[in-house]
Each structure stands twice: as structure tokens, then as C-alpha cells.
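Next up, run08.cif (mmCIF, C-alpha atoms):
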```cif
data_data
loop_
_atom_site.group_PDB
_atom_site.id
_atom_site.type_symbol
_atom_site.label_atom_id
_atom_site.label_comp_id
_atom_site.auth_asym_id
_atom_site.auth_seq_id
_atom_site.Cartn_x
_atom_site.Cartn_y
_atom_site.Cartn_z
ATOM 1 C CA MET A 4 -47.997 -14.367 -3.207
ATOM 2 C CA SER A 5 -47.562 -13.619 -6.894
ATOM 3 C CA ALA A 6 -44.369 -14.402 -8.769
ATOM 4 C CA PRO A 7 -41.789 -11.606 -8.734
ATOM 5 C CA ARG A 8 -41.730 -9.519 -11.855
ATOM 6 C CA GLU A 9 -38.806 -9.570 -14.236
ATOM 7 C CA VAL A 10 -36.456 -6.588 -14.106
ATOM 8 C CA GLY A 11 -34.343 -5.359 -16.974
ATOM 9 C CA LEU A 12 -30.717 -4.359 -17.151
ATOM 10 C CA ASP A 13 -31.618 -0.650 -17.008
ATOM 11 C CA GLU A 14 -33.411 -1.167 -13.669
ATOM 12 C CA VAL A 15 -30.524 -3.210 -12.268
ATOM 13 C CA LEU A 16 -27.988 -0.560 -13.298
ATOM 14 C CA ALA A 17 -30.161 2.252 -11.878
ATOM 15 C CA ALA A 18 -30.476 0.341 -8.588
ATOM 16 C CA ARG A 19 -26.689 -0.113 -8.487
ATOM 17 C CA ASP A 20 -26.177 3.619 -9.048
ATOM 18 C CA ALA A 21 -28.716 4.497 -6.341
ATOM 19 C CA ARG A 22 -27.028 2.059 -3.929
ATOM 20 C CA ALA A 23 -23.625 3.633 -4.647
ATOM 21 C CA ALA A 24 -25.084 7.086 -3.915
ATOM 22 C CA ARG A 25 -26.549 5.832 -0.595
ATOM 23 C CA GLN A 26 -23.184 4.251 0.239
ATOM 24 C CA ARG A 27 -21.302 7.505 -0.416
ATOM 25 C CA ALA A 28 -23.788 9.497 1.645
ATOM 26 C CA LEU A 29 -23.587 7.078 4.578
ATOM 27 C CA LEU A 30 -19.767 6.998 4.421
ATOM 28 C CA ARG A 31 -19.708 10.809 4.583
ATOM 29 C CA ARG A 32 -22.309 10.967 7.352
ATOM 30 C CA ARG A 33 -20.836 8.283 9.628
ATOM 31 C CA GLU A 34 -17.150 8.092 8.639
ATOM 32 C CA LEU A 35 -17.229 4.388 9.490
ATOM 33 C CA PRO A 36 -16.807 1.270 7.371
ATOM 34 C CA LEU A 37 -19.965 0.118 5.616
ATOM 35 C CA VAL A 38 -21.292 -3.339 5.016
ATOM 36 C CA SER A 39 -23.285 -3.447 1.792
ATOM 37 C CA LEU A 40 -25.405 -6.581 1.633
ATOM 38 C CA THR A 41 -26.997 -7.771 -1.601
ATOM 39 C CA LEU A 42 -27.936 -11.191 -2.900
ATOM 40 C CA VAL A 43 -26.422 -13.299 -5.644
ATOM 41 C CA SER A 44 -29.424 -13.507 -7.940
ATOM 42 C CA PRO A 45 -28.760 -14.384 -11.560
ATOM 43 C CA GLY A 46 -31.569 -13.931 -14.025
ATOM 44 C CA PRO A 47 -34.323 -11.359 -14.422
ATOM 45 C CA ARG A 48 -36.252 -12.153 -11.197
ATOM 46 C CA LYS A 49 -34.482 -10.581 -8.221
ATOM 47 C CA ALA A 50 -37.224 -10.368 -5.583
ATOM 48 C CA GLY A 51 -39.903 -12.664 -4.190
ATOM 49 C CA LEU A 52 -40.365 -15.039 -1.287
ATOM 50 C CA ARG A 53 -37.123 -16.985 -1.812
ATOM 51 C CA ALA A 54 -35.082 -13.757 -1.993
ATOM 52 C CA ARG A 55 -36.835 -12.511 1.162
ATOM 53 C CA ARG A 56 -35.933 -15.706 3.015
ATOM 54 C CA VAL A 57 -32.302 -15.537 1.891
ATOM 55 C CA MET A 58 -32.069 -11.872 2.870
ATOM 56 C CA LEU A 59 -33.656 -12.447 6.291
ATOM 57 C CA ALA A 60 -31.135 -15.223 6.951
ATOM 58 C CA ALA A 61 -28.306 -12.916 5.833
ATOM 59 C CA LEU A 62 -29.496 -10.094 8.088
ATOM 60 C CA ALA A 63 -29.771 -12.450 11.071
ATOM 61 C CA ALA A 64 -26.300 -13.890 10.436
ATOM 62 C CA LEU A 65 -24.793 -10.424 9.990
ATOM 63 C CA GLU A 66 -26.408 -9.148 13.196
ATOM 64 C CA HIS A 67 -25.109 -12.245 15.018
ATOM 65 C CA VAL A 68 -21.536 -11.677 13.790
ATOM 66 C CA LEU A 69 -21.610 -7.988 14.714
ATOM 67 C CA SER A 70 -22.892 -8.847 18.193
ATOM 68 C CA GLU A 71 -20.391 -11.689 18.632
ATOM 69 C CA GLU A 72 -17.467 -9.460 17.607
ATOM 70 C CA VAL A 73 -18.841 -6.479 19.605
ATOM 71 C CA TRP A 74 -18.923 -4.298 16.507
ATOM 72 C CA PRO A 75 -21.873 -1.928 16.873
ATOM 73 C CA ALA A 76 -23.900 -1.064 13.803
ATOM 74 C CA VAL A 77 -24.582 2.617 14.384
ATOM 75 C CA GLU A 78 -26.898 2.935 11.397
ATOM 76 C CA ARG A 79 -28.630 0.411 9.181
ATOM 77 C CA GLU A 80 -31.164 0.370 6.402
ATOM 78 C CA THR A 81 -32.807 -2.442 4.495
ATOM 79 C CA LEU A 82 -34.645 -1.954 1.229
ATOM 80 C CA TRP A 83 -36.963 -4.495 -0.406
ATOM 81 C CA LEU A 84 -36.728 -3.528 -4.074
ATOM 82 C CA PRO A 85 -37.913 -5.228 -7.291
ATOM 83 C CA THR A 86 -34.202 -5.395 -8.233
ATOM 84 C CA GLY A 87 -33.558 -7.406 -5.071
ATOM 85 C CA PRO A 88 -33.266 -6.698 -1.386
ATOM 86 C CA GLU A 89 -30.275 -4.738 -0.164
ATOM 87 C CA ALA A 90 -28.997 -3.428 3.151
ATOM 88 C CA LEU A 91 -26.365 -1.001 4.388
ATOM 89 C CA PHE A 92 -24.791 -1.058 7.839
ATOM 90 C CA ALA A 93 -22.375 1.566 9.198
ATOM 91 C CA VAL A 94 -20.217 -0.466 11.583
ATOM 92 C CA ASN A 95 -17.773 0.629 14.249
ATOM 93 C CA ALA A 96 -14.976 -1.803 13.347
ATOM 94 C CA GLN A 97 -11.633 -1.957 11.581
ATOM 95 C CA PRO A 98 -12.438 -2.446 7.871
ATOM 96 C CA GLU A 99 -9.903 -5.247 7.269
ATOM 97 C CA ALA A 100 -11.051 -7.256 10.308
ATOM 98 C CA LEU A 101 -14.668 -6.743 9.263
ATOM 99 C CA LYS A 102 -13.989 -7.924 5.696
ATOM 100 C CA ARG A 103 -12.084 -10.995 6.889
ATOM 101 C CA ARG A 104 -14.902 -12.000 9.242
ATOM 102 C CA LEU A 105 -17.616 -11.424 6.643
ATOM 103 C CA ALA A 106 -15.693 -13.372 3.995
ATOM 104 C CA ARG A 107 -15.578 -16.243 6.485
ATOM 105 C CA LEU A 108 -19.335 -15.902 7.014
ATOM 106 C CA GLU A 109 -19.930 -16.046 3.240
ATOM 107 C CA ASP A 110 -17.746 -19.158 3.032
ATOM 108 C CA GLU A 111 -19.105 -21.028 6.076
ATOM 109 C CA HIS A 112 -22.833 -20.291 6.321
ATOM 110 C CA PRO A 113 -25.074 -22.701 4.342
ATOM 111 C CA LEU A 114 -26.555 -19.724 2.469
ATOM 112 C CA GLY A 115 -23.433 -17.559 2.529
ATOM 113 C CA ARG A 116 -22.612 -18.201 -1.115
ATOM 114 C CA LEU A 117 -25.892 -16.488 -1.982
ATOM 115 C CA TRP A 118 -24.885 -13.281 -0.182
ATOM 116 C CA ASP A 119 -22.623 -10.495 -1.321
ATOM 117 C CA LEU A 120 -21.206 -8.825 1.798
ATOM 118 C CA ASP A 121 -19.038 -5.939 0.630
ATOM 119 C CA VAL A 122 -17.049 -3.789 3.041
ATOM 120 C CA LEU A 123 -16.469 -0.190 1.980
ATOM 121 C CA ALA A 124 -14.196 2.302 3.669
ATOM 122 C CA GLY A 125 -12.725 5.671 2.667
ATOM 123 C CA ALA A 126 -10.641 4.201 -0.180
ATOM 124 C CA GLY A 127 -13.501 2.103 -1.588
ATOM 125 C CA ALA A 128 -14.454 -1.551 -1.367
ATOM 126 C CA LEU A 129 -12.018 -3.995 0.192
ATOM 127 C CA SER A 130 -11.437 -7.073 -1.924
ATOM 128 C CA ARG A 131 -10.700 -10.605 -0.832
ATOM 129 C CA GLY A 132 -7.541 -10.513 -2.953
ATOM 130 C CA GLU A 133 -6.188 -7.428 -1.147
ATOM 131 C CA LEU A 134 -6.413 -9.354 2.116
ATOM 132 C CA GLY A 135 -4.897 -12.547 0.700
ATOM 133 C CA LEU A 136 -8.221 -14.392 0.856
ATOM 134 C CA PRO A 137 -9.280 -16.878 -1.821
ATOM 135 C CA PRO A 138 -11.857 -15.782 -4.393
ATOM 136 C CA ARG A 139 -15.498 -16.772 -4.073
ATOM 137 C CA ARG A 140 -16.272 -20.156 -5.600
ATOM 138 C CA CYS A 141 -18.809 -20.905 -8.311
ATOM 139 C CA LEU A 142 -22.126 -22.315 -7.103
ATOM 140 C CA LEU A 143 -21.826 -25.235 -9.511
ATOM 141 C CA CYS A 144 -18.234 -26.177 -10.257
ATOM 142 C CA GLY A 145 -16.110 -24.695 -7.487
ATOM 143 C CA GLU A 146 -13.938 -22.621 -9.830
ATOM 144 C CA ALA A 147 -13.489 -18.890 -9.212
ATOM 145 C CA ALA A 148 -16.999 -17.429 -9.425
ATOM 146 C CA HIS A 149 -15.975 -14.331 -11.374
ATOM 147 C CA ALA A 150 -14.473 -16.479 -14.164
ATOM 148 C CA CYS A 151 -17.632 -18.589 -14.534
ATOM 149 C CA SER A 152 -19.847 -15.516 -14.362
ATOM 150 C CA ARG A 153 -17.840 -13.557 -16.908
ATOM 151 C CA SER A 154 -17.730 -16.462 -19.377
ATOM 152 C CA ARG A 155 -21.347 -17.485 -18.678
ATOM 153 C CA ARG A 156 -20.055 -21.022 -18.304
ATOM 154 C CA HIS A 157 -23.252 -22.381 -16.736
ATOM 155 C CA PRO A 158 -26.810 -22.110 -18.073
ATOM 156 C CA LEU A 159 -29.154 -19.926 -16.031
ATOM 157 C CA PRO A 160 -31.597 -22.793 -15.229
ATOM 158 C CA GLU A 161 -28.741 -24.782 -13.633
ATOM 159 C CA LEU A 162 -27.693 -21.809 -11.495
ATOM 160 C CA LEU A 163 -31.281 -21.158 -10.408
ATOM 161 C CA ARG A 164 -31.759 -24.830 -9.550
ATOM 162 C CA ALA A 165 -28.585 -24.812 -7.416
ATOM 163 C CA ILE A 166 -29.811 -21.706 -5.572
ATOM 164 C CA GLU A 167 -33.243 -23.242 -5.050
ATOM 165 C CA GLU A 168 -31.693 -26.443 -3.666
ATOM 166 C CA LYS A 169 -29.485 -24.462 -1.236
ATOM 167 C CA VAL A 170 -32.409 -22.428 0.043
ATOM 168 C CA ASP A 171 -34.708 -25.434 0.329
ATOM 169 C CA ALA A 172 -32.072 -27.444 2.229
ATOM 170 C CA PHE A 173 -31.568 -24.527 4.631
ATOM 171 C CA GLN A 174 -35.326 -24.139 5.131
ATOM 172 C CA ARG A 175 -35.561 -27.832 6.030
ATOM 173 C CA ASN A 176 -32.635 -27.599 8.476
ATOM 174 C CA PRO A 177 -31.948 -23.984 9.576
ATOM 175 C CA GLN A 178 -29.971 -25.025 12.654
ATOM 176 C CA LEU A 179 -27.051 -25.777 10.321
ATOM 177 C CA ALA A 180 -26.276 -22.040 10.349
#
```

Could you write out this file's structure as C-alpha cells?
Amino acid sequence: MSAPREVGLDEVLAARDARAARQRALLRRRELPLVSLTLVSPGPRKAGLRARRVMLAALAALEHVLSEEVWPAVERETLWLPTGPEALFAVNAQPEALKRRLARLEDEHPLGRLWDLDVLAGAGALSRGELGLPPRRCLLCGEAAHACSRSRRHPLPELLRAIEEKVDAFQRNPQLA
């Protein structure tokens, strides 16, 4: 398999806009909370074998949680894009309960820090802060991730190495999930 191509900011922003349009359409069509799943993927390469493995693990974990909680996903779509894989699930669940459970999944699964599981309802995306949950932690230092990201505190090669190590450790021992 060839190396994933680099994508530019314009492509990333266009993909974000297209995802938002799909989210709005699905919210109107189903009138149910949505789970929007994307990957944490710093740098210009957003797709490839490693991203596929992380996304497949995320999809399996999400399906497991929905089954365990008896929250049916009445519609789902997964896209494998050069800007990174993404998925949308319309879920028959209370949005706050869904967000709490998915935040726990992000925090507890060995690869969960590499997933972005947003819950959207009629009023928009639910935040961890609104529910009194702690912010996501930085991959490297444990501080609030948004602060490190905004300040670009860590060099890209260090972030990519940390992601690679997480994925490789999971691949060696997937039963940790």
C-alpha cells in the first residue's frame, strides 16, 4: 500500500463543511442524536493503513457500546476520505447519556484518545464541559488537549510518534480494549 497523500488546509476545511452538511441533513431526516466520529490526526497525512486500523477499532468499540447500552443506530455511514475517515450514526438515545458514555469510551479505550466522538442534537454539539466532564488530555503531557493544540506546544514529529506507539501497542495486544 502506498503512503497516504498529504492534504492541505483547504481540503480539510472543505471536508469539515461537507461533514457539517451531512450532519444537518441526518439530524433533519432522523430527528435523533448523532454521533460524529473522526480521528485525531495532526499533520498533513490523514488517511492510510494506520488511520484505517484506528477507525475500524473505533467503529467496533462504538458498535459494542451501542449494543451494550441497547441504543439502536437507526442509520449509519462511514466514509474513507483522503482527509481522514469519518462516520455518522443516528442513535436512538438521550443525547446527554450518549455523550457521557462516549466520553468514557474515549477516556478508557487504549485508542480512545485518537478518536473524536462528538454527539450532536437539535441545539448543536454537546461538550464535555456542559456535562461537568473533564477536558480531553494531551497525548504527550496530560494537560488540556485544546490548550496544547492551540499553542502548538509539542512538535508534530513527537505527536505522530506518540500516536504510532499507541496504535502499535494496541495492534500487539488488542484484547486490552

- Output of the PyMOL selection byres ((chain A and resi 134) around 12), listed as JSON, numbers by chain: {"A": [98, 99, 100, 101, 102, 103, 104, 106, 128, 129, 130, 131, 132, 133, 135, 136, 137, 138]}

- With all atoms listed in the file as the basis for distance, which of A:Val170, A:Leu91, A:Cys144, A:Ala18 is at the shortest distance from A:Arg56?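 Looking only at the distances to A:Arg56, the closest residue turns out to be A:Val170.
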
- Which neighbours of A:Leu120 fall inside 8 Å, counting only C-alpha atoms, when residues of the same chain fewer than 5 positions from it are skipped, and could you give them as a list in words? Val38, Ser39, Leu40, Thr41, Leu105, Ala106 and Glu109 of chain A

Kindly export the residues of the current selection with C-alpha atoms, as a PDB file, in the frame of the given file.
```pdb
ATOM      1  CA  VAL A  38     -21.292  -3.339   5.016  1.00  0.00           C
ATOM      2  CA  SER A  39     -23.285  -3.447   1.792  1.00  0.00           C
ATOM      3  CA  LEU A  40     -25.405  -6.581   1.633  1.00  0.00           C
ATOM      4  CA  THR A  41     -26.997  -7.771  -1.601  1.00  0.00           C
ATOM      5  CA  LEU A 105     -17.616 -11.424   6.643  1.00  0.00           C
ATOM      6  CA  ALA A 106     -15.693 -13.372   3.995  1.00  0.00           C
ATOM      7  CA  GLU A 109     -19.930 -16.046   3.240  1.00  0.00           C
TER       8      GLU A 109
END
```

List the residues selected by the PyMOL selection byres ((chain A and resi 43) around 8) in the file shown, writing them as a PDB file with C-alpha atoms, in the frame of the given file.
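In the end it all went to selection-v3.pdb:
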```
ATOM      1  CA  THR A  41     -26.997  -7.771  -1.601  1.00  0.00           C
ATOM      2  CA  LEU A  42     -27.936 -11.191  -2.900  1.00  0.00           C
ATOM      3  CA  SER A  44     -29.424 -13.507  -7.940  1.00  0.00           C
ATOM      4  CA  PRO A  45     -28.760 -14.384 -11.560  1.00  0.00           C
ATOM      5  CA  ARG A 116     -22.612 -18.201  -1.115  1.00  0.00           C
ATOM      6  CA  LEU A 117     -25.892 -16.488  -1.982  1.00  0.00           C
ATOM      7  CA  TRP A 118     -24.885 -13.281  -0.182  1.00  0.00           C
ATOM      8  CA  ASP A 119     -22.623 -10.495  -1.321  1.00  0.00           C
TER       9      ASP A 119
END
```

- Selection result of the PyMOL selection byres ((chain A and resi 149-157) around 12) on this file, as a PyMOL selection string: chain A and resi 43-46+137-148+158-165

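Nearest-residue note for A:Arg31: choosing from A:Gly115, A:Gly125, A:Pro177, A:Gly87, the minimum distance belongs to A:Gly125, counting all atoms listed in the file.
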
- Task: Find the residues near A:Pro75: any atom within 7 Å, counting all atoms listed in the file, skip ones fewer than 5 places away on the same chain, and give them as a VMD selection string.
- Result: chain A and resid 69 94 to 95

- Query: Which one is closest to A:Ala17: A:Leu37, A:Val57, A:Leu123, A:Leu84? Count all atoms listed in the file.
  - Reply: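 Residue with the minimum atom-to-atom distance to A:Ala17: A:Leu84.
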
- Message: Would you pick out the contacts of A:Ala93 at 7 Å or less, using only C-alpha atoms, so that residues sharing its chain but fewer than 3 positions from it are not included, and give the list as a ChimeraX atom specification?
- Response: /A:33,35-38,76-79

Could you dump the residues just selected with C-alpha atoms as an mmCIF file, in the coordinates of the input?
```cif
data_model
loop_
_atom_site.group_PDB
_atom_site.id
_atom_site.type_symbol
_atom_site.label_atom_id
_atom_site.label_comp_id
_atom_site.auth_asym_id
_atom_site.auth_seq_id
_atom_site.Cartn_x
_atom_site.Cartn_y
_atom_site.Cartn_z
ATOM 1 C CA ARG A 33 -20.836 8.283 9.628
ATOM 2 C CA LEU A 35 -17.229 4.388 9.490
ATOM 3 C CA PRO A 36 -16.807 1.270 7.371
ATOM 4 C CA LEU A 37 -19.965 0.118 5.616
ATOM 5 C CA VAL A 38 -21.292 -3.339 5.016
ATOM 6 C CA ALA A 76 -23.900 -1.064 13.803
ATOM 7 C CA VAL A 77 -24.582 2.617 14.384
ATOM 8 C CA GLU A 78 -26.898 2.935 11.397
ATOM 9 C CA ARG A 79 -28.630 0.411 9.181
#
```

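Distance annotation: of A:Gly127, A:Leu114, A:Arg19, A:Val122, the residue with the minimal separation from A:Ala172 is A:Leu114; atom set is only C-alpha atoms.
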
- Quick one: distance from atom CA of A:Ala126 to atom CA of A:Asp20 in Å, one decimal?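 Interatomic distance, atom CA of A:Ala126 to atom CA of A:Asp20: 17.9 Å.
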
- Measuring atom to atom with all atoms listed in the file, identify which of A:Arg175, A:Arg107, A:Arg8, A:Arg25 is nearest to A:Lys49. A:Arg8
